[in-house]
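Visitor: What follows is query36.cif; its format and atoms are mmCIF, C-alpha atoms.
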```
data_input
loop_
_atom_site.group_PDB
_atom_site.id
_atom_site.type_symbol
_atom_site.label_atom_id
_atom_site.label_comp_id
_atom_site.auth_asym_id
_atom_site.auth_seq_id
_atom_site.Cartn_x
_atom_site.Cartn_y
_atom_site.Cartn_z
ATOM 1 C CA MET A 1387 35.999 17.712 -23.604
ATOM 2 C CA ASN A 1388 33.057 19.651 -24.937
ATOM 3 C CA THR A 1389 31.011 20.771 -21.886
ATOM 4 C CA ARG A 1390 28.166 21.870 -24.109
ATOM 5 C CA PHE A 1391 27.097 18.217 -24.316
ATOM 6 C CA ALA A 1392 28.527 16.805 -21.088
ATOM 7 C CA ILE A 1393 26.554 18.914 -18.592
ATOM 8 C CA PRO A 1394 23.081 18.240 -20.096
ATOM 9 C CA LEU A 1395 23.986 14.558 -20.393
ATOM 10 C CA LEU A 1396 25.019 14.399 -16.723
ATOM 11 C CA CYS A 1397 21.815 16.192 -15.677
ATOM 12 C CA ALA A 1398 19.681 13.735 -17.647
ATOM 13 C CA ALA A 1399 21.537 10.782 -16.108
ATOM 14 C CA ALA A 1400 21.014 12.183 -12.591
ATOM 15 C CA ILE A 1401 17.285 12.574 -13.189
ATOM 16 C CA ALA A 1402 16.985 9.053 -14.620
ATOM 17 C CA PHE A 1403 18.879 7.636 -11.637
ATOM 18 C CA ALA A 1404 16.744 9.549 -9.114
ATOM 19 C CA CYS A 1405 13.506 8.306 -10.623
ATOM 20 C CA GLY A 1406 14.602 4.677 -10.382
ATOM 21 C CA PRO A 1407 12.901 1.785 -12.142
ATOM 22 C CA ARG A 1408 9.305 2.213 -13.155
ATOM 23 C CA VAL A 1409 6.541 -0.331 -13.170
ATOM 24 C CA HIS A 1410 4.870 -0.555 -16.551
ATOM 25 C CA SER A 1411 1.400 -2.025 -16.807
ATOM 26 C CA SER A 1412 -1.265 -2.035 -19.443
ATOM 27 C CA SER A 1413 -3.851 -1.232 -16.792
ATOM 28 C CA LEU A 1414 -2.381 1.513 -14.643
ATOM 29 C CA GLN A 1415 -4.708 2.316 -11.783
ATOM 30 C CA THR A 1416 -4.008 4.785 -9.039
ATOM 31 C CA ALA A 1417 -5.873 5.658 -5.912
ATOM 32 C CA ALA A 1418 -8.391 8.354 -6.678
ATOM 33 C CA ALA A 1419 -9.314 11.161 -4.359
ATOM 34 C CA PRO A 1420 -12.298 10.259 -2.212
ATOM 35 C CA ALA A 1421 -15.534 11.099 -3.948
ATOM 36 C CA PRO A 1422 -18.270 12.737 -1.919
ATOM 37 C CA ARG A 1423 -20.759 10.179 -0.675
ATOM 38 C CA SER A 1424 -24.431 10.649 -1.303
ATOM 39 C CA ALA A 1425 -27.016 10.011 1.380
ATOM 40 C CA ALA A 1426 -28.492 7.197 -0.721
ATOM 41 C CA THR A 1427 -25.218 5.264 -0.861
ATOM 42 C CA LYS A 1428 -25.142 2.234 1.384
ATOM 43 C CA SER A 1429 -21.864 0.710 2.364
ATOM 44 C CA ALA A 1430 -21.256 -2.825 3.460
ATOM 45 C CA PRO A 1431 -19.901 -3.404 6.937
ATOM 46 C CA THR A 1432 -16.187 -3.084 7.477
ATOM 47 C CA ARG A 1433 -14.344 -6.407 7.210
ATOM 48 C CA ARG A 1434 -11.448 -6.836 9.591
ATOM 49 C CA ALA A 1435 -8.730 -9.461 9.869
ATOM 50 C CA LYS A 1436 -6.176 -9.747 12.632
ATOM 51 C CA ALA A 1437 -2.862 -11.397 11.978
ATOM 52 C CA ALA A 1438 -0.766 -13.246 14.498
ATOM 53 C CA PRO A 1439 1.921 -11.082 16.066
ATOM 54 C CA VAL A 1440 5.119 -10.865 13.995
ATOM 55 C CA GLY A 1441 8.056 -10.559 16.367
ATOM 56 C CA SER A 1442 6.841 -7.842 18.667
ATOM 57 C CA LEU A 1443 4.347 -6.363 16.162
ATOM 58 C CA SER A 1444 0.711 -7.170 15.551
ATOM 59 C CA SER A 1445 -1.392 -6.106 12.590
ATOM 60 C CA ALA A 1446 -4.988 -5.755 11.486
ATOM 61 C CA LEU A 1447 -6.518 -4.968 8.101
ATOM 62 C CA ASP A 1448 -9.807 -3.110 7.798
ATOM 63 C CA VAL A 1449 -11.671 -3.158 4.470
ATOM 64 C CA LYS A 1450 -14.664 -0.873 4.033
ATOM 65 C CA VAL A 1451 -16.748 -1.351 0.887
ATOM 66 C CA GLY A 1452 -18.687 1.570 -0.561
ATOM 67 C CA GLU A 1453 -18.363 3.517 -3.811
ATOM 68 C CA GLN A 1454 -14.644 2.990 -3.234
ATOM 69 C CA VAL A 1455 -13.005 0.210 -1.284
ATOM 70 C CA ARG A 1456 -10.940 1.653 1.555
ATOM 71 C CA PHE A 1457 -8.080 -0.198 3.178
ATOM 72 C CA ALA A 1458 -6.432 0.511 6.524
ATOM 73 C CA LEU A 1459 -3.450 -1.571 7.648
ATOM 74 C CA ARG A 1460 -2.847 -0.972 11.361
ATOM 75 C CA VAL A 1461 0.491 -2.121 12.723
ATOM 76 C CA SER A 1462 0.845 -2.054 16.514
ATOM 77 C CA ASN A 1463 3.746 -2.360 18.891
ATOM 78 C CA PRO A 1464 2.256 -3.926 22.047
ATOM 79 C CA SER A 1465 5.614 -4.050 23.843
ATOM 80 C CA ASP A 1466 7.004 -1.658 26.436
ATOM 81 C CA GLN A 1467 9.899 -0.617 24.173
ATOM 82 C CA SER A 1468 10.043 1.433 20.990
ATOM 83 C CA LEU A 1469 10.736 -0.545 17.836
ATOM 84 C CA GLU A 1470 12.727 0.773 14.893
ATOM 85 C CA LEU A 1471 11.654 -0.404 11.429
ATOM 86 C CA THR A 1472 13.998 -0.353 8.438
ATOM 87 C CA PHE A 1473 12.528 0.159 4.964
ATOM 88 C CA PRO A 1474 14.745 -0.424 1.918
ATOM 89 C CA SER A 1475 12.913 2.288 -0.067
ATOM 90 C CA GLY A 1476 10.034 4.760 0.074
ATOM 91 C CA ALA A 1477 7.604 1.902 -0.592
ATOM 92 C CA THR A 1478 6.651 1.314 3.041
ATOM 93 C CA HIS A 1479 3.430 -0.571 2.345
ATOM 94 C CA ASP A 1480 1.213 -1.963 -0.403
ATOM 95 C CA PHE A 1481 -2.315 -3.204 -0.933
ATOM 96 C CA ALA A 1482 -3.456 -5.754 -3.501
ATOM 97 C CA VAL A 1483 -6.840 -7.182 -4.446
ATOM 98 C CA ARG A 1484 -7.010 -10.795 -5.648
ATOM 99 C CA ASP A 1485 -9.929 -12.504 -7.356
ATOM 100 C CA SER A 1486 -11.221 -15.969 -6.399
ATOM 101 C CA SER A 1487 -8.527 -17.653 -8.539
ATOM 102 C CA GLY A 1488 -5.751 -15.738 -6.719
ATOM 103 C CA ARG A 1489 -4.950 -13.433 -9.648
ATOM 104 C CA VAL A 1490 -4.002 -9.868 -8.645
ATOM 105 C CA ILE A 1491 -6.575 -7.543 -10.228
ATOM 106 C CA TRP A 1492 -5.354 -4.323 -8.599
ATOM 107 C CA ARG A 1493 -2.237 -3.191 -6.758
ATOM 108 C CA TRP A 1494 -1.995 0.147 -4.938
ATOM 109 C CA SER A 1495 1.681 0.685 -5.831
ATOM 110 C CA THR A 1496 1.240 0.175 -9.590
ATOM 111 C CA GLY A 1497 2.193 3.319 -11.456
ATOM 112 C CA ARG A 1498 3.623 5.058 -8.382
ATOM 113 C CA LEU A 1499 7.214 6.160 -7.982
ATOM 114 C CA PHE A 1500 9.075 5.683 -4.709
ATOM 115 C CA THR A 1501 12.387 7.004 -3.433
ATOM 116 C CA GLN A 1502 15.254 4.545 -3.631
ATOM 117 C CA SER A 1503 16.754 5.461 -0.266
ATOM 118 C CA LEU A 1504 16.881 3.493 2.957
ATOM 119 C CA GLN A 1505 14.652 4.889 5.700
ATOM 120 C CA ASN A 1506 13.953 4.120 9.336
ATOM 121 C CA ARG A 1507 10.729 4.687 11.245
ATOM 122 C CA THR A 1508 10.004 4.153 14.902
ATOM 123 C CA ILE A 1509 6.826 2.778 16.409
ATOM 124 C CA ASP A 1510 6.731 3.855 20.043
ATOM 125 C CA ALA A 1511 5.836 1.455 22.826
ATOM 126 C CA ARG A 1512 2.117 0.638 22.874
ATOM 127 C CA ASP A 1513 1.565 2.734 19.733
ATOM 128 C CA THR A 1514 -0.026 2.012 16.353
ATOM 129 C CA THR A 1515 0.739 3.294 12.881
ATOM 130 C CA THR A 1516 -1.801 3.117 10.062
ATOM 131 C CA PHE A 1517 -1.278 2.844 6.306
ATOM 132 C CA ASP A 1518 -4.286 3.765 4.133
ATOM 133 C CA GLY A 1519 -5.245 3.042 0.541
ATOM 134 C CA GLU A 1520 -8.280 3.309 -1.682
ATOM 135 C CA TRP A 1521 -9.463 1.461 -4.797
ATOM 136 C CA THR A 1522 -12.300 2.293 -7.166
ATOM 137 C CA PRO A 1523 -13.517 -1.027 -8.607
ATOM 138 C CA PRO A 1524 -14.386 -1.155 -12.319
ATOM 139 C CA ALA A 1525 -18.072 -0.608 -13.088
ATOM 140 C CA GLY A 1526 -20.101 -3.804 -12.940
ATOM 141 C CA TYR A 1527 -17.418 -5.746 -11.073
ATOM 142 C CA HIS A 1528 -18.732 -7.869 -8.199
ATOM 143 C CA GLY A 1529 -18.014 -11.041 -6.289
ATOM 144 C CA LYS A 1530 -15.722 -12.397 -3.589
ATOM 145 C CA LEU A 1531 -12.250 -10.895 -3.399
ATOM 146 C CA THR A 1532 -9.260 -10.996 -1.071
ATOM 147 C CA ALA A 1533 -7.406 -7.905 0.120
ATOM 148 C CA VAL A 1534 -3.711 -8.383 0.893
ATOM 149 C CA ALA A 1535 -1.884 -5.676 2.849
ATOM 150 C CA THR A 1536 1.860 -5.674 3.385
ATOM 151 C CA MET A 1537 4.283 -3.537 5.344
ATOM 152 C CA ALA A 1538 7.674 -3.760 3.655
ATOM 153 C CA ALA A 1539 9.985 -3.333 6.648
ATOM 154 C CA ALA A 1540 13.118 -5.388 5.996
ATOM 155 C CA ASP A 1541 13.460 -6.362 9.661
ATOM 156 C CA HIS A 1542 9.762 -6.783 10.544
ATOM 157 C CA PRO A 1543 7.715 -7.565 7.409
ATOM 158 C CA VAL A 1544 3.960 -7.849 7.861
ATOM 159 C CA GLU A 1545 1.304 -9.385 5.602
ATOM 160 C CA THR A 1546 -2.405 -9.526 6.440
ATOM 161 C CA ARG A 1547 -5.309 -10.795 4.334
ATOM 162 C CA VAL A 1548 -9.061 -10.416 4.548
ATOM 163 C CA GLU A 1549 -11.873 -11.588 2.274
ATOM 164 C CA PHE A 1550 -14.583 -9.177 1.206
ATOM 165 C CA ALA A 1551 -17.306 -8.987 -1.415
ATOM 166 C CA LEU A 1552 -18.415 -6.382 -3.903
ATOM 167 C CA PRO A 1553 -22.212 -6.341 -4.169
#
```
Will you turn the file into structure tokens for me?

Guide:
Amino acid sequence: MNTRFAIPLLCAAAIAFACGPRVHSSSLQTAAAPAPRSAATKSAPTRRAKAAPVGSLSSALDVKVGEQVRFALRVSNPSDQSLELTFPSGATHDFAVRDSSGRVIWRWSTGRLFTQSLQNRTIDARDTTTFDGEWTPPAGYHGKLTAVATMAAADHPVETRVEFALP
């Protein structure tokens, strides 16, 4: 066998396998770095939704509207015992924004790459873990929207929704 071709071919296959499947979209949007806020910028109050406890977890979603829309999914373990969460990949959480017709207009995970390996995380007793995300709405976009936050643990999935408005 000619190793001159085999080794580069094996290296390329390993890289393709490690990267895993990619999400292709005509409107790739990623979370931008927070822009500095000016003193004249007013932000709407933070909207918060609490979900019913899932198993021994409870969750809350905070949405803060300003120049960017900031999301914070807080998942709490109110029990007296630590809880181990199993994630099937590096995609531990996601945020989506839906318009009034229910159509997804933005998804945090679009265009991102995640590891394809199983991982476990522990939430200690009476502790909370927070997942953050940020979206910069298109210029001139306004109206009522719904934020949907999910934690993708295979054994304790969480989904929380909250309505908010862009002025």

Visitor: Can you list, as a list of chain:residue names, the residues that the PyMOL selection byres ((chain A and resi 1521-1523) around 6) selects here?

Guide: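 Taken over the shown coordinates, the PyMOL selection byres ((chain A and resi 1521-1523) around 6) returns A:Ala1417, A:Gln1454, A:Val1455, A:Glu1520, A:Pro1524.
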
Visitor: In the coordinates of the file, take the point (-5.7, -9.0, 5.7) and a cut-off of 12 Å; then, counting all atoms listed in the file, name each qualifying protein, DNA or RNA residue as an MDAnalysis selection string.

Guide: chainID A and resid 1433:1438 1444:1449 1457:1461 1480:1484 1531:1537 1544:1550

Visitor: Store the residues picked out above, limited to C-alpha atoms, as a short mmCIF file (atom, residue, chain, number, x, y, z; two decimals), in the frame of the given file.

Guide:
```cif
data_model
loop_
_atom_site.label_atom_id
_atom_site.label_comp_id
_atom_site.auth_asym_id
_atom_site.auth_seq_id
_atom_site.Cartn_x
_atom_site.Cartn_y
_atom_site.Cartn_z
CA ARG A 1433 -14.34 -6.41 7.21
CA ARG A 1434 -11.45 -6.84 9.59
CA ALA A 1435 -8.73 -9.46 9.87
CA LYS A 1436 -6.18 -9.75 12.63
CA ALA A 1437 -2.86 -11.40 11.98
CA ALA A 1438 -0.77 -13.25 14.50
CA SER A 1444 0.71 -7.17 15.55
CA SER A 1445 -1.39 -6.11 12.59
CA ALA A 1446 -4.99 -5.76 11.49
CA LEU A 1447 -6.52 -4.97 8.10
CA ASP A 1448 -9.81 -3.11 7.80
CA VAL A 1449 -11.67 -3.16 4.47
CA PHE A 1457 -8.08 -0.20 3.18
CA ALA A 1458 -6.43 0.51 6.52
CA LEU A 1459 -3.45 -1.57 7.65
CA ARG A 1460 -2.85 -0.97 11.36
CA VAL A 1461 0.49 -2.12 12.72
CA ASP A 1480 1.21 -1.96 -0.40
CA PHE A 1481 -2.32 -3.20 -0.93
CA ALA A 1482 -3.46 -5.75 -3.50
CA VAL A 1483 -6.84 -7.18 -4.45
CA ARG A 1484 -7.01 -10.80 -5.65
CA LEU A 1531 -12.25 -10.90 -3.40
CA THR A 1532 -9.26 -11.00 -1.07
CA ALA A 1533 -7.41 -7.90 0.12
CA VAL A 1534 -3.71 -8.38 0.89
CA ALA A 1535 -1.88 -5.68 2.85
CA THR A 1536 1.86 -5.67 3.38
CA MET A 1537 4.28 -3.54 5.34
CA VAL A 1544 3.96 -7.85 7.86
CA GLU A 1545 1.30 -9.38 5.60
CA THR A 1546 -2.40 -9.53 6.44
CA ARG A 1547 -5.31 -10.80 4.33
CA VAL A 1548 -9.06 -10.42 4.55
CA GLU A 1549 -11.87 -11.59 2.27
CA PHE A 1550 -14.58 -9.18 1.21
#
```

Visitor: What is the CA of Gly1526 in chain A-CA of His1479 in chain A distance in Å, reported with one decimal?

Guide: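 Taking CA of Gly1526 in chain A as the start and CA of His1479 in chain A as the end point, the length is 28.2 Å.
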
Visitor: Please list as a PDB file with C-alpha atoms, in the coordinates of the input every residue within 7 Å of range 1507-1518 of chain A, counting all atoms listed in the file and excluding residues in the same chain fewer than 2 positions away.

Guide:
```
ATOM      1  CA  PHE A1457      -8.080  -0.198   3.178  1.00  0.00           C
ATOM      2  CA  ALA A1458      -6.432   0.511   6.524  1.00  0.00           C
ATOM      3  CA  LEU A1459      -3.450  -1.571   7.648  1.00  0.00           C
ATOM      4  CA  ARG A1460      -2.847  -0.972  11.361  1.00  0.00           C
ATOM      5  CA  VAL A1461       0.491  -2.121  12.723  1.00  0.00           C
ATOM      6  CA  SER A1462       0.845  -2.054  16.514  1.00  0.00           C
ATOM      7  CA  ASN A1463       3.746  -2.360  18.891  1.00  0.00           C
ATOM      8  CA  PRO A1464       2.256  -3.926  22.047  1.00  0.00           C
ATOM      9  CA  SER A1465       5.614  -4.050  23.843  1.00  0.00           C
ATOM     10  CA  ASP A1466       7.004  -1.658  26.436  1.00  0.00           C
ATOM     11  CA  GLN A1467       9.899  -0.617  24.173  1.00  0.00           C
ATOM     12  CA  SER A1468      10.043   1.433  20.990  1.00  0.00           C
ATOM     13  CA  LEU A1469      10.736  -0.545  17.836  1.00  0.00           C
ATOM     14  CA  GLU A1470      12.727   0.773  14.893  1.00  0.00           C
ATOM     15  CA  LEU A1471      11.654  -0.404  11.429  1.00  0.00           C
ATOM     16  CA  THR A1472      13.998  -0.353   8.438  1.00  0.00           C
ATOM     17  CA  GLN A1505      14.652   4.889   5.700  1.00  0.00           C
TER      18      GLN A1505
END
```

Visitor: To one decimal place in Å, what is the distance between CA of Leu1552 in chain A and CA of Gly1497 in chain A?

Guide: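 Between CA of Leu1552 in chain A and CA of Gly1497 in chain A the gap works out to 24.0 Å.
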
Visitor: Kindly list the centre and edge lengths in Å, rounded to one decimal, for the axis-aligned box that covers all listed atoms of range 1468-1481 of chain A plus 3 Å on each of its six sides, as lines of an AutoDock Vina configuration file.

Guide:
```
center_x = 6.2
center_y = 0.8
center_z = 10.0
size_x = 23.1
size_y = 14.0
size_z = 27.9
```

Visitor: Just so the selection is clear, what residues does the PyMOL selection byres ((chain A and resi 1500) around 6) cover here, as a PDB file with C-alpha atoms, in the frame of the given file?

Guide:
```pdb
ATOM      1  CA  GLY A1476      10.034   4.760   0.074  1.00  0.00           C
ATOM      2  CA  ALA A1477       7.604   1.902  -0.592  1.00  0.00           C
ATOM      3  CA  LEU A1499       7.214   6.160  -7.982  1.00  0.00           C
ATOM      4  CA  THR A1501      12.387   7.004  -3.433  1.00  0.00           C
TER       5      THR A1501
END
```
